[in-house]
file my_file_30.json (JSON, C-alpha atoms)
[["chain", "number", "residue", "atom", "x", "y", "z"],
["A", 1, "MET", "CA", -67.59, -7.26, 67.04],
["A", 2, "SER", "CA", -64.56, -5.12, 66.44],
["A", 3, "ALA", "CA", -62.48, -8.22, 65.72],
["A", 4, "VAL", "CA", -64.98, -9.36, 63.11],
["A", 5, "THR", "CA", -64.98, -5.93, 61.55],
["A", 6, "THR", "CA", -61.22, -5.88, 61.48],
["A", 7, "GLY", "CA", -61.12, -9.29, 59.84],
["A", 8, "ILE", "CA", -63.61, -8.29, 57.18],
["A", 9, "GLY", "CA", -61.68, -5.10, 56.50],
["A", 10, "ALA", "CA", -58.45, -7.05, 56.15],
["A", 11, "THR", "CA", -60.11, -9.48, 53.77],
["A", 12, "ILE", "CA", -61.45, -6.63, 51.66],
["A", 13, "ARG", "CA", -58.07, -4.92, 51.63],
["A", 14, "GLY", "CA", -56.35, -8.16, 50.71],
["A", 15, "GLY", "CA", -58.80, -8.81, 47.91],
["A", 16, "THR", "CA", -58.39, -5.30, 46.60],
["A", 17, "GLY", "CA", -54.62, -5.64, 46.71],
["A", 18, "ALA", "CA", -54.75, -8.92, 44.77],
["A", 19, "GLY", "CA", -57.03, -7.37, 42.17],
["A", 20, "THR", "CA", -54.73, -4.38, 41.81],
["A", 21, "SER", "CA", -51.75, -6.71, 41.39],
["A", 22, "ARG", "CA", -53.54, -8.64, 38.63],
["A", 23, "ASN", "CA", -54.46, -5.38, 36.88],
["A", 24, "ARG", "CA", -50.85, -4.27, 37.02],
["A", 25, "ARG", "CA", -49.73, -7.54, 35.49],
["A", 26, "ARG", "CA", -52.25, -7.11, 32.68],
["A", 27, "ARG", "CA", -51.22, -3.57, 31.78],
["A", 28, "PRO", "CA", -47.99, -4.53, 29.93],
["A", 29, "TRP", "CA", -49.97, -6.98, 27.80],
["A", 30, "ARG", "CA", -52.53, -4.33, 26.97],
["A", 31, "ALA", "CA", -49.80, -1.89, 26.02],
["A", 32, "ALA", "CA", -48.09, -4.55, 23.89],
["A", 33, "VAL", "CA", -51.33, -5.33, 22.08],
["A", 34, "MET", "CA", -52.01, -1.64, 21.46],
["A", 35, "PHE", "CA", -48.54, -1.13, 19.99],
["A", 36, "LEU", "CA", -48.50, -4.33, 17.92],
["A", 37, "THR", "CA", -52.01, -4.13, 16.47],
["A", 38, "PRO", "CA", -51.29, -1.36, 13.88],
["A", 39, "PHE", "CA", -48.19, -3.22, 12.69],
["A", 40, "ALA", "CA", -50.05, -6.53, 12.54],
["A", 41, "VAL", "CA", -52.86, -4.99, 10.50],
["A", 42, "LEU", "CA", -50.43, -3.34, 8.06],
["A", 43, "TYR", "CA", -48.41, -6.59, 7.88],
["A", 44, "LEU", "CA", -51.49, -8.57, 6.93],
["A", 45, "LEU", "CA", -52.71, -6.02, 4.40],
["A", 46, "LEU", "CA", -49.38, -5.18, 2.75],
["A", 47, "TRP", "CA", -47.47, -8.48, 2.95],
["A", 48, "ALA", "CA", -49.33, -11.56, 4.09],
["A", 49, "VAL", "CA", -52.45, -11.05, 1.94],
["A", 50, "PRO", "CA", -50.48, -10.27, -1.27],
["A", 51, "VAL", "CA", -48.23, -13.28, -0.66],
["A", 52, "VAL", "CA", -51.14, -15.65, -0.22],
["A", 53, "HIS", "CA", -52.89, -14.13, -3.24],
["A", 54, "GLY", "CA", -49.73, -14.50, -5.31],
["A", 55, "LEU", "CA", -49.43, -18.14, -4.31],
["A", 56, "TYR", "CA", -53.02, -18.70, -5.39],
["A", 57, "LEU", "CA", -52.39, -16.90, -8.71],
["A", 58, "SER", "CA", -49.46, -19.23, -9.40],
["A", 59, "ALA", "CA", -51.97, -22.10, -9.44],
["A", 60, "THR", "CA", -54.16, -20.42, -12.07],
["A", 61, "ASP", "CA", -53.88, -19.55, -15.77],
["A", 62, "VAL", "CA", -55.32, -16.07, -15.30],
["A", 63, "ASN", "CA", -54.84, -13.60, -18.18],
["A", 64, "VAL", "CA", -55.69, -10.12, -16.94],
["A", 65, "ALA", "CA", -55.91, -8.64, -20.45],
["A", 66, "GLU", "CA", -58.58, -11.09, -21.54],
["A", 67, "GLY", "CA", -60.17, -11.51, -18.12],
["A", 68, "THR", "CA", -60.03, -15.28, -18.44],
["A", 69, "GLY", "CA", -58.48, -18.14, -16.55],
["A", 70, "GLY", "CA", -59.14, -20.58, -13.77],
["A", 71, "PHE", "CA", -57.52, -22.92, -11.29],
["A", 72, "VAL", "CA", -54.93, -25.26, -12.87],
["A", 73, "GLY", "CA", -53.11, -26.58, -9.81],
["A", 74, "LEU", "CA", -49.42, -27.29, -10.39],
["A", 75, "ASN", "CA", -49.61, -27.12, -14.19],
["A", 76, "ASN", "CA", -47.71, -23.81, -14.33],
["A", 77, "TYR", "CA", -44.82, -25.29, -12.36],
["A", 78, "VAL", "CA", -44.75, -28.41, -14.53],
["A", 79, "THR", "CA", -44.70, -26.22, -17.65],
["A", 80, "LEU", "CA", -41.94, -24.11, -16.12],
["A", 81, "LEU", "CA", -39.70, -27.14, -15.64],
["A", 82, "GLY", "CA", -39.75, -27.76, -19.39],
["A", 83, "ASP", "CA", -39.64, -24.10, -20.46],
["A", 84, "SER", "CA", -36.39, -23.46, -22.36],
["A", 85, "ASP", "CA", -36.81, -19.69, -21.96],
["A", 86, "PHE", "CA", -36.92, -20.09, -18.19],
["A", 87, "HIS", "CA", -33.89, -22.39, -18.26],
["A", 88, "ALA", "CA", -31.93, -19.76, -20.21],
["A", 89, "ALA", "CA", -33.07, -16.91, -17.96],
["A", 90, "PHE", "CA", -32.20, -18.89, -14.83],
["A", 91, "GLY", "CA", -28.80, -19.75, -16.30],
["A", 92, "HIS", "CA", -28.09, -16.04, -16.92],
["A", 93, "THR", "CA", -29.21, -15.21, -13.37],
["A", 94, "LEU", "CA", -26.98, -17.92, -11.93],
["A", 95, "LEU", "CA", -24.03, -16.67, -14.02],
["A", 96, "PHE", "CA", -24.55, -13.18, -12.61],
["A", 97, "VAL", "CA", -24.66, -14.55, -9.07],
["A", 98, "VAL", "CA", -21.46, -16.57, -9.55],
["A", 99, "LEU", "CA", -19.62, -13.59, -11.03],
["A", 100, "ASN", "CA", -21.05, -10.85, -8.86],
["A", 101, "VAL", "CA", -21.14, -12.18, -5.29],
["A", 102, "PRO", "CA", -17.43, -13.15, -4.89],
["A", 103, "VAL", "CA", -16.23, -9.97, -6.60],
["A", 104, "LEU", "CA", -18.54, -7.71, -4.60],
["A", 105, "VAL", "CA", -17.79, -9.29, -1.22],
["A", 106, "ALA", "CA", -14.03, -9.47, -1.86],
["A", 107, "ALA", "CA", -13.90, -5.84, -3.03],
["A", 108, "GLY", "CA", -15.92, -4.73, -0.01],
["A", 109, "LEU", "CA", -13.60, -6.62, 2.35],
["A", 110, "VAL", "CA", -10.40, -5.26, 0.77],
["A", 111, "LEU", "CA", -11.72, -1.69, 0.86],
["A", 112, "ALA", "CA", -12.86, -2.14, 4.46],
["A", 113, "LEU", "CA", -9.39, -3.41, 5.45],
["A", 114, "LEU", "CA", -7.76, -0.41, 3.77],
["A", 115, "LEU", "CA", -10.14, 2.13, 5.30],
["A", 116, "ASN", "CA", -9.74, 0.56, 8.74],
["A", 117, "ARG", "CA", -6.19, 1.92, 8.79],
["A", 118, "ASP", "CA", -5.21, 5.43, 9.83],
["A", 119, "LEU", "CA", -5.21, 6.93, 6.35],
["A", 120, "GLY", "CA", -5.45, 10.59, 5.51],
["A", 121, "GLY", "CA", -8.77, 11.52, 3.93],
["A", 122, "ARG", "CA", -10.33, 8.13, 4.61],
["A", 123, "ASN", "CA", -13.73, 9.73, 5.26],
["A", 124, "ALA", "CA", -13.68, 11.24, 1.77],
["A", 125, "ILE", "CA", -12.60, 7.90, 0.28],
["A", 126, "ARG", "CA", -15.37, 6.12, 2.17],
["A", 127, "ALA", "CA", -17.94, 8.62, 0.90],
["A", 128, "ALA", "CA", -16.68, 8.16, -2.68],
["A", 129, "PHE", "CA", -17.35, 4.42, -2.53],
["A", 130, "VAL", "CA", -20.61, 4.60, -0.59],
["A", 131, "SER", "CA", -22.32, 7.47, -2.45],
["A", 132, "PRO", "CA", -23.07, 5.47, -5.66],
["A", 133, "TYR", "CA", -25.18, 3.11, -3.51],
["A", 134, "LEU", "CA", -27.60, 6.00, -2.99],
["A", 135, "LEU", "CA", -28.14, 6.62, -6.71],
["A", 136, "PRO", "CA", -31.31, 5.38, -8.44],
["A", 137, "GLY", "CA", -30.93, 2.62, -11.02],
["A", 138, "ALA", "CA", -31.88, 4.87, -13.95],
["A", 139, "ALA", "CA", -29.06, 7.30, -13.16],
["A", 140, "VAL", "CA", -26.57, 4.43, -12.76],
["A", 141, "ALA", "CA", -27.59, 2.92, -16.11],
["A", 142, "LEU", "CA", -27.20, 6.29, -17.85],
["A", 143, "ILE", "CA", -23.72, 6.77, -16.39],
["A", 144, "TRP", "CA", -22.56, 3.30, -17.35],
["A", 145, "ASN", "CA", -23.99, 3.50, -20.84],
["A", 146, "LEU", "CA", -21.51, 6.36, -21.32],
["A", 147, "VAL", "CA", -18.68, 4.46, -19.61],
["A", 148, "LEU", "CA", -19.18, 1.23, -21.60],
["A", 149, "ASN", "CA", -19.98, 2.78, -24.96],
["A", 150, "PRO", "CA", -17.93, 0.71, -27.47],
["A", 151, "VAL", "CA", -17.11, 3.73, -29.68],
["A", 152, "ASN", "CA", -16.16, 6.56, -27.36],
["A", 153, "GLY", "CA", -16.77, 5.18, -23.88],
["A", 154, "SER", "CA", -14.37, 6.22, -21.15],
["A", 155, "LEU", "CA", -13.44, 2.62, -20.23],
["A", 156, "ASN", "CA", -12.35, 1.78, -23.77],
["A", 157, "THR", "CA", -10.45, 5.07, -23.92],
["A", 158, "VAL", "CA", -8.47, 4.03, -20.84],
["A", 159, "LEU", "CA", -7.82, 0.54, -22.24],
["A", 160, "GLN", "CA", -6.51, 1.96, -25.50],
["A", 161, "ALA", "CA", -4.34, 4.46, -23.64],
["A", 162, "ILE", "CA", -2.49, 1.60, -21.89],
["A", 163, "GLY", "CA", -2.17, -0.43, -25.08],
["A", 164, "LEU", "CA", -5.09, -2.82, -24.65],
["A", 165, "PRO", "CA", -7.75, -3.40, -27.31],
["A", 166, "ALA", "CA", -11.18, -1.81, -26.99],
["A", 167, "GLN", "CA", -14.00, -4.14, -25.95],
["A", 168, "GLN", "CA", -17.57, -4.42, -27.21],
["A", 169, "TRP", "CA", -18.92, -4.33, -23.69],
["A", 170, "LEU", "CA", -22.62, -4.25, -24.42],
["A", 171, "SER", "CA", -22.87, -5.63, -27.95],
["A", 172, "GLN", "CA", -21.17, -9.04, -27.58],
["A", 173, "PRO", "CA", -22.98, -11.92, -25.81],
["A", 174, "GLY", "CA", -19.79, -13.02, -24.08],
["A", 175, "GLU", "CA", -19.00, -9.56, -22.68],
["A", 176, "ALA", "CA", -22.36, -7.99, -21.87],
["A", 177, "MET", "CA", -22.74, -9.78, -18.53],
["A", 178, "GLY", "CA", -19.26, -8.62, -17.57],
["A", 179, "GLY", "CA", -20.41, -5.05, -18.14],
["A", 180, "VAL", "CA", -23.41, -5.63, -15.86],
["A", 181, "VAL", "CA", -21.10, -7.05, -13.16],
["A", 182, "LEU", "CA", -18.82, -4.00, -13.40],
["A", 183, "LEU", "CA", -21.81, -1.69, -13.06],
["A", 184, "THR", "CA", -23.09, -3.61, -10.04],
["A", 185, "LEU", "CA", -19.66, -3.60, -8.39],
["A", 186, "TRP", "CA", -19.42, 0.19, -8.67],
["A", 187, "TRP", "CA", -23.03, 0.67, -7.60],
["A", 188, "ARG", "CA", -23.32, -1.82, -4.71],
["A", 189, "VAL", "CA", -19.86, -2.12, -3.16],
["A", 190, "GLY", "CA", -20.67, 0.56, -0.60],
["A", 191, "PHE", "CA", -23.00, -1.74, 1.34],
["A", 192, "PRO", "CA", -20.55, -4.56, 2.13],
["A", 193, "LEU", "CA", -17.85, -1.94, 2.67],
["A", 194, "LEU", "CA", -19.80, -0.21, 5.45],
["A", 195, "ILE", "CA", -20.96, -3.41, 7.13],
["A", 196, "LEU", "CA", -17.53, -5.05, 7.10],
["A", 197, "LEU", "CA", -15.79, -1.85, 8.19],
["A", 198, "ALA", "CA", -18.07, -1.68, 11.22],
["A", 199, "ALA", "CA", -17.27, -5.33, 12.01],
["A", 200, "LEU", "CA", -13.52, -4.67, 11.73],
["A", 201, "GLN", "CA", -13.75, -1.73, 14.10],
["A", 202, "ASP", "CA", -15.45, -3.95, 16.71],
["A", 203, "ILE", "CA", -12.44, -6.31, 16.93],
["A", 204, "PRO", "CA", -10.47, -5.46, 20.12],
["A", 205, "LYS", "CA", -7.05, -3.97, 19.37],
["A", 206, "GLN", "CA", -5.57, -6.05, 22.17],
["A", 207, "LEU", "CA", -5.99, -9.18, 20.03],
["A", 208, "TYR", "CA", -3.73, -7.75, 17.33],
["A", 209, "GLU", "CA", -1.19, -6.65, 19.93],
["A", 210, "ALA", "CA", -1.12, -10.14, 21.45],
["A", 211, "ALA", "CA", -0.74, -11.68, 17.99],
["A", 212, "ARG", "CA", 2.21, -9.39, 17.19],
["A", 213, "ILE", "CA", 3.86, -10.24, 20.50],
["A", 214, "ASP", "CA", 3.52, -13.93, 19.59],
["A", 215, "GLY", "CA", 5.29, -13.23, 16.29],
["A", 216, "ALA", "CA", 2.30, -13.39, 13.93],
["A", 217, "ASN", "CA", 2.87, -11.80, 10.53],
["A", 218, "PRO", "CA", 0.14, -9.71, 8.80],
["A", 219, "TRP", "CA", -1.30, -12.73, 6.97],
["A", 220, "GLN", "CA", -1.50, -14.76, 10.20],
["A", 221, "GLN", "CA", -3.14, -11.81, 11.97],
["A", 222, "PHE", "CA", -5.73, -11.64, 9.19],
["A", 223, "ARG", "CA", -6.33, -15.39, 9.23],
["A", 224, "PHE", "CA", -6.47, -16.00, 12.98],
["A", 225, "VAL", "CA", -7.74, -12.64, 14.31],
["A", 226, "THR", "CA", -9.55, -10.71, 11.60],
["A", 227, "LEU", "CA", -11.45, -13.50, 9.85],
["A", 228, "PRO", "CA", -12.79, -15.13, 13.05],
["A", 229, "GLY", "CA", -13.73, -11.69, 14.34],
["A", 230, "ILE", "CA", -15.82, -10.77, 11.30],
["A", 231, "ALA", "CA", -17.01, -14.27, 10.36],
["A", 232, "PRO", "CA", -20.66, -13.82, 11.45],
["A", 233, "VAL", "CA", -20.94, -10.45, 9.72],
["A", 234, "LEU", "CA", -19.15, -11.77, 6.63],
["A", 235, "GLY", "CA", -21.66, -14.62, 6.45],
["A", 236, "LEU", "CA", -24.51, -12.13, 6.69],
["A", 237, "VAL", "CA", -23.03, -9.98, 3.91],
["A", 238, "ILE", "CA", -22.63, -13.03, 1.65],
["A", 239, "LEU", "CA", -26.22, -14.06, 2.34],
["A", 240, "LEU", "CA", -27.60, -10.59, 1.57],
["A", 241, "ARG", "CA", -25.53, -10.32, -1.61],
["A", 242, "LEU", "CA", -26.74, -13.77, -2.74],
["A", 243, "ILE", "CA", -30.37, -12.76, -2.27],
["A", 244, "ASP", "CA", -29.85, -9.40, -3.96],
["A", 245, "SER", "CA", -28.00, -10.97, -6.89],
["A", 246, "PHE", "CA", -30.69, -13.55, -7.55],
["A", 247, "LYS", "CA", -33.16, -10.65, -7.71],
["A", 248, "VAL", "CA", -31.12, -8.79, -10.34],
["A", 249, "PHE", "CA", -33.31, -6.92, -12.79],
["A", 250, "GLU", "CA", -33.04, -3.15, -12.75],
["A", 251, "GLN", "CA", -29.47, -2.69, -13.96],
["A", 252, "VAL", "CA", -29.78, -5.46, -16.56],
["A", 253, "TYR", "CA", -33.01, -4.15, -18.03],
["A", 254, "LEU", "CA", -31.86, -0.53, -18.13],
["A", 255, "LEU", "CA", -28.39, -1.29, -19.46],
["A", 256, "THR", "CA", -28.93, -4.09, -21.98],
["A", 257, "GLU", "CA", -32.68, -4.86, -21.99],
["A", 258, "GLY", "CA", -31.67, -8.51, -21.82],
["A", 259, "GLY", "CA", -29.49, -8.37, -24.92],
["A", 260, "PRO", "CA", -27.55, -8.91, -26.98],
["A", 261, "SER", "CA", -29.38, -11.96, -28.30],
["A", 262, "GLY", "CA", -30.97, -12.55, -24.90],
["A", 263, "SER", "CA", -27.58, -13.23, -23.27],
["A", 264, "THR", "CA", -28.38, -11.11, -20.20],
["A", 265, "ARG", "CA", -32.12, -11.84, -19.91],
["A", 266, "VAL", "CA", -32.61, -12.84, -16.27],
["A", 267, "VAL", "CA", -35.49, -14.47, -14.39],
["A", 268, "LEU", "CA", -37.06, -11.25, -13.14],
["A", 269, "GLN", "CA", -37.02, -9.79, -16.64],
["A", 270, "MET", "CA", -38.84, -12.88, -17.88],
["A", 271, "LEU", "CA", -41.33, -12.48, -15.01],
["A", 272, "TYR", "CA", -41.85, -8.81, -15.89],
["A", 273, "GLU", "CA", -42.39, -9.52, -19.59],
["A", 274, "THR", "CA", -44.68, -12.48, -18.88],
["A", 275, "GLY", "CA", -46.84, -10.61, -16.40],
["A", 276, "PHE", "CA", -46.87, -7.03, -17.74],
["A", 277, "ARG", "CA", -46.36, -7.50, -21.47],
["A", 278, "ASP", "CA", -48.05, -10.82, -22.17],
["A", 279, "PHE", "CA", -50.49, -10.45, -19.21],
["A", 280, "ARG", "CA", -50.05, -14.13, -18.23],
["A", 281, "THR", "CA", -50.41, -13.33, -14.56],
["A", 282, "GLY", "CA", -50.67, -16.91, -13.30],
["A", 283, "TYR", "CA", -47.54, -18.06, -15.12],
["A", 284, "ALA", "CA", -45.64, -14.95, -13.97],
["A", 285, "ALA", "CA", -46.61, -15.72, -10.37],
["A", 286, "ALA", "CA", -45.27, -19.26, -10.79],
["A", 287, "ILE", "CA", -41.98, -17.83, -12.05],
["A", 288, "GLY", "CA", -41.76, -15.57, -9.02],
["A", 289, "TRP", "CA", -42.51, -18.33, -6.54],
["A", 290, "THR", "CA", -39.99, -20.65, -8.19],
["A", 291, "LEU", "CA", -37.29, -18.00, -7.87],
["A", 292, "ALA", "CA", -38.32, -17.38, -4.24],
["A", 293, "LEU", "CA", -37.98, -21.11, -3.51],
["A", 294, "VAL", "CA", -34.51, -21.19, -5.10],
["A", 295, "ILE", "CA", -33.44, -18.18, -3.00],
["A", 296, "LEU", "CA", -34.78, -19.85, 0.14],
["A", 297, "VAL", "CA", -32.88, -23.07, -0.56],
["A", 298, "VAL", "CA", -29.65, -21.19, -1.33],
["A", 299, "ALA", "CA", -30.03, -19.12, 1.85],
["A", 300, "ILE", "CA", -30.55, -22.22, 3.99],
["A", 301, "VAL", "CA", -27.55, -24.02, 2.46],
["A", 302, "GLN", "CA", -25.37, -20.93, 2.90],
["A", 303, "GLN", "CA", -26.35, -20.63, 6.56],
["A", 304, "ILE", "CA", -25.67, -24.34, 7.18],
["A", 305, "LEU", "CA", -22.22, -24.08, 5.58],
["A", 306, "THR", "CA", -21.45, -20.90, 7.53],
["A", 307, "ARG", "CA", -22.39, -22.49, 10.87],
["A", 308, "ARG", "CA", -20.47, -25.66, 10.04],
["A", 309, "ASN", "CA", -17.34, -23.69, 9.16],
["A", 310, "SER", "CA", -17.73, -21.60, 12.33],
["A", 311, "GLY", "CA", -18.05, -24.79, 14.37],
["A", 312, "ASN", "CA", -14.94, -26.28, 12.76],
["A", 313, "GLY", "CA", -13.08, -23.03, 13.38]]
call {"tool": "encode", "arguments": {"input": "my_file_30.json", "output": "structure tokens"}}
result
Amino acid sequence: MSAVTTGIGATIRGGTGAGTSRNRRRRPWRAAVMFLTPFAVLYLLLWAVPVVHGLYLSATDVNVAEGTGGFVGLNNYVTLLGDSDFHAAFGHTLLFVVLNVPVLVAAGLVLALLLNRDLGGRNAIRAAFVSPYLLPGAAVALIWNLVLNPVNGSLNTVLQAIGLPAQQWLSQPGEAMGGVVLLTLWWRVGFPLLILLAALQDIPKQLYEAARIDGANPWQQFRFVTLPGIAPVLGLVILLRLIDSFKVFEQVYLLTEGGPSGSTRVVLQMLYETGFRDFRTGYAAAIGWTLALVILVVAIVQQILTRRNSGNG
């Protein structure tokens, strides 16, 4: 009898232990669900739902001012392909990207290389380049309206002082985009500077010492030590600057309002005017989704090229 009792007790204890083990295994999942649920709900409400709704709007001809419109399928996208205003706006956006991204990344890299050295006051210099990144767009536009003023702007004053002619920075179609690029360089260079400086500081010093022992000159050290060491971060910086440049709007609108003669009117300004001035919500959504698709394609191509170059290296 005692043996039977002992066996039953062991069975009960074993079953209880197995149940406790299963409960312990479930607890991490419960905790994960509890932590993730608030984020998932906010994600759905604040991102996923608006995105899906925006995609639906792009397939309609809704006009919010008149309260009219219905489903039109891909008609907005077909119209967009033949829209000369969109072609011009996209061309201006692409011009800004081509001018801005190389200049911004190159300036950030050069400044990072300089500040990676043991220079006196480098913290103050770093703060001077990074602090404009914290300014709001309205303040930046106000500052640069004074700098680029064709009559008494400080930039033209400097040019005349060194014997160069004054420029009509904001009133000539061929020069206005250059003014926007200058503004963006001053405003945004702090971001690539900080990211690339952090990448440079992560490169082991022993690699440079070994390169010097092998007789490598400064250019060879940069080519064979520095560039491979920062290549992944440099690719990320280029990608982020490409995305940011395609989304240019604030500085253009505040500085030139798309002028002169529409020479700086970019895609997001067209989207803003179409959706919030003309109230053609469906067409504005199609513009936004087209730009998003272009950014996605550019990002994928850039990542493929970066990985291919890294593999060849």
call {"tool": "axis_aligned_box", "arguments": {"input": "my_file_30.json", "around": "segment 185-201 of chain A", "padding_each_side": "6 Å", "output": "AutoDock Vina command-line options"}}
result
--center_x -18.4 --center_y -2.3 --center_z 2.7 --size_x 21.8 --size_y 18.0 --size_z 34.8
call {"tool": "atom_distance", "arguments": {"input": "my_file_30.json", "atom1": "atom CA of Pro173 of chain A", "atom2": "atom CA of Gln251 of chain A"}}
result
16.4 Å
call {"tool": "atom_distance", "arguments": {"input": "my_file_30.json", "atom1": "atom CA of Gly259 of chain A", "atom2": "atom CA of Val140 of chain A"}}
result
17.9 Å
call {"tool": "atom_distance", "arguments": {"input": "my_file_30.json", "atom1": "atom CA of Arg188 of chain A", "atom2": "atom CA of Leu134 of chain A"}}
result
9.1 Å
call {"tool": "closest_residue", "arguments": {"input": "my_file_30.json", "among": "A:Ser84, A:Gln201, A:Thr226, A:Thr290", "to": "Leu115 of chain A", "atoms": "all atoms listed in the file"}}
result
A:Gln201
call {"tool": "residues_around", "arguments": {"input": "my_file_30.json", "residues": "Val181 of chain A", "least_positions_apart": "2", "cutoff": "8 Å", "atoms": "all atoms listed in the file", "output": "list in words"}}
result
Phe96, Leu99, Asn100, Met177, Gly178, Gly179, Leu183, Thr184 and Leu185 of chain A
call {"tool": "closest_residue", "arguments": {"input": "my_file_30.json", "among": "A:Leu234, A:Ile287, A:Ala161, A:Leu42", "to": "His87 of chain A", "atoms": "all atoms listed in the file"}}
result
A:Ile287
call {"tool": "closest_residue", "arguments": {"input": "my_file_30.json", "among": "A:Leu114, A:Leu95, A:Leu146, A:Val62", "to": "Val248 of chain A", "atoms": "only C-alpha atoms"}}
result
A:Leu95
call {"tool": "closest_residue", "arguments": {"input": "my_file_30.json", "among": "A:Val158, A:Ala128, A:Leu74, A:Leu200", "to": "Val110 of chain A", "atoms": "all atoms listed in the file"}}
result
A:Leu200
call {"tool": "residues_around", "arguments": {"input": "my_file_30.json", "residues": "Pro228 of chain A", "least_positions_apart": "3", "cutoff": "12 Å", "atoms": "all atoms listed in the file", "output": "list in words"}}
result
Ala199, Leu200, Ile203, Leu207, Gln220, Gln221, Phe222, Arg223, Phe224, Val225, Ala231, Pro232, Val233, Leu234, Gly235, Thr306, Asn309, Ser310, Gly311, Asn312 and Gly313 of chain A
call {"tool": "closest_residue", "arguments": {"input": "my_file_30.json", "among": "A:Glu257, A:Glu250, A:Asp244, A:Asp202", "to": "Gly229 of chain A", "atoms": "all atoms listed in the file"}}
result
A:Asp202
call {"tool": "decode", "arguments": {"input": "my_file_30.json", "residues": "segment 121-134 of chain A", "atoms": "N, CA and C atoms", "output": "compact mmCIF listing (two decimals), in the first residue's frame"}}
result
# COMPACT_ATOMS: atom_id res chain seq x y z
N GLY A 121 40.38 72.82 -29.63
CA GLY A 121 39.04 73.38 -29.79
C GLY A 121 38.16 72.60 -30.73
N ARG A 122 38.44 71.31 -30.93
CA ARG A 122 37.64 70.56 -31.91
C ARG A 122 36.20 70.35 -31.43
N ASN A 123 35.98 70.34 -30.11
CA ASN A 123 34.61 70.22 -29.61
C ASN A 123 33.78 71.45 -29.97
N ALA A 124 34.41 72.63 -29.89
CA ALA A 124 33.71 73.86 -30.27
C ALA A 124 33.44 73.88 -31.77
N ILE A 125 34.41 73.41 -32.56
CA ILE A 125 34.22 73.36 -34.01
C ILE A 125 33.10 72.38 -34.36
N ARG A 126 33.09 71.24 -33.69
CA ARG A 126 32.05 70.25 -33.93
C ARG A 126 30.67 70.83 -33.60
N ALA A 127 30.57 71.53 -32.48
CA ALA A 127 29.30 72.13 -32.09
C ALA A 127 28.86 73.19 -33.10
N ALA A 128 29.82 73.93 -33.67
CA ALA A 128 29.48 74.97 -34.64
C ALA A 128 28.86 74.38 -35.90
N PHE A 129 29.31 73.19 -36.31
CA PHE A 129 28.77 72.57 -37.50
C PHE A 129 27.49 71.78 -37.23
N VAL A 130 27.35 71.27 -36.02
CA VAL A 130 26.20 70.44 -35.70
C VAL A 130 25.00 71.27 -35.27
N SER A 131 25.22 72.39 -34.60
CA SER A 131 24.12 73.17 -34.03
C SER A 131 23.09 73.64 -35.07
N PRO A 132 23.47 74.03 -36.30
CA PRO A 132 22.43 74.41 -37.27
C PRO A 132 21.42 73.29 -37.55
N TYR A 133 21.84 72.03 -37.40
CA TYR A 133 20.94 70.90 -37.65
C TYR A 133 19.75 70.91 -36.69
N LEU A 134 19.92 71.58 -35.55
CA LEU A 134 18.86 71.62 -34.55
C LEU A 134 17.87 72.76 -34.77
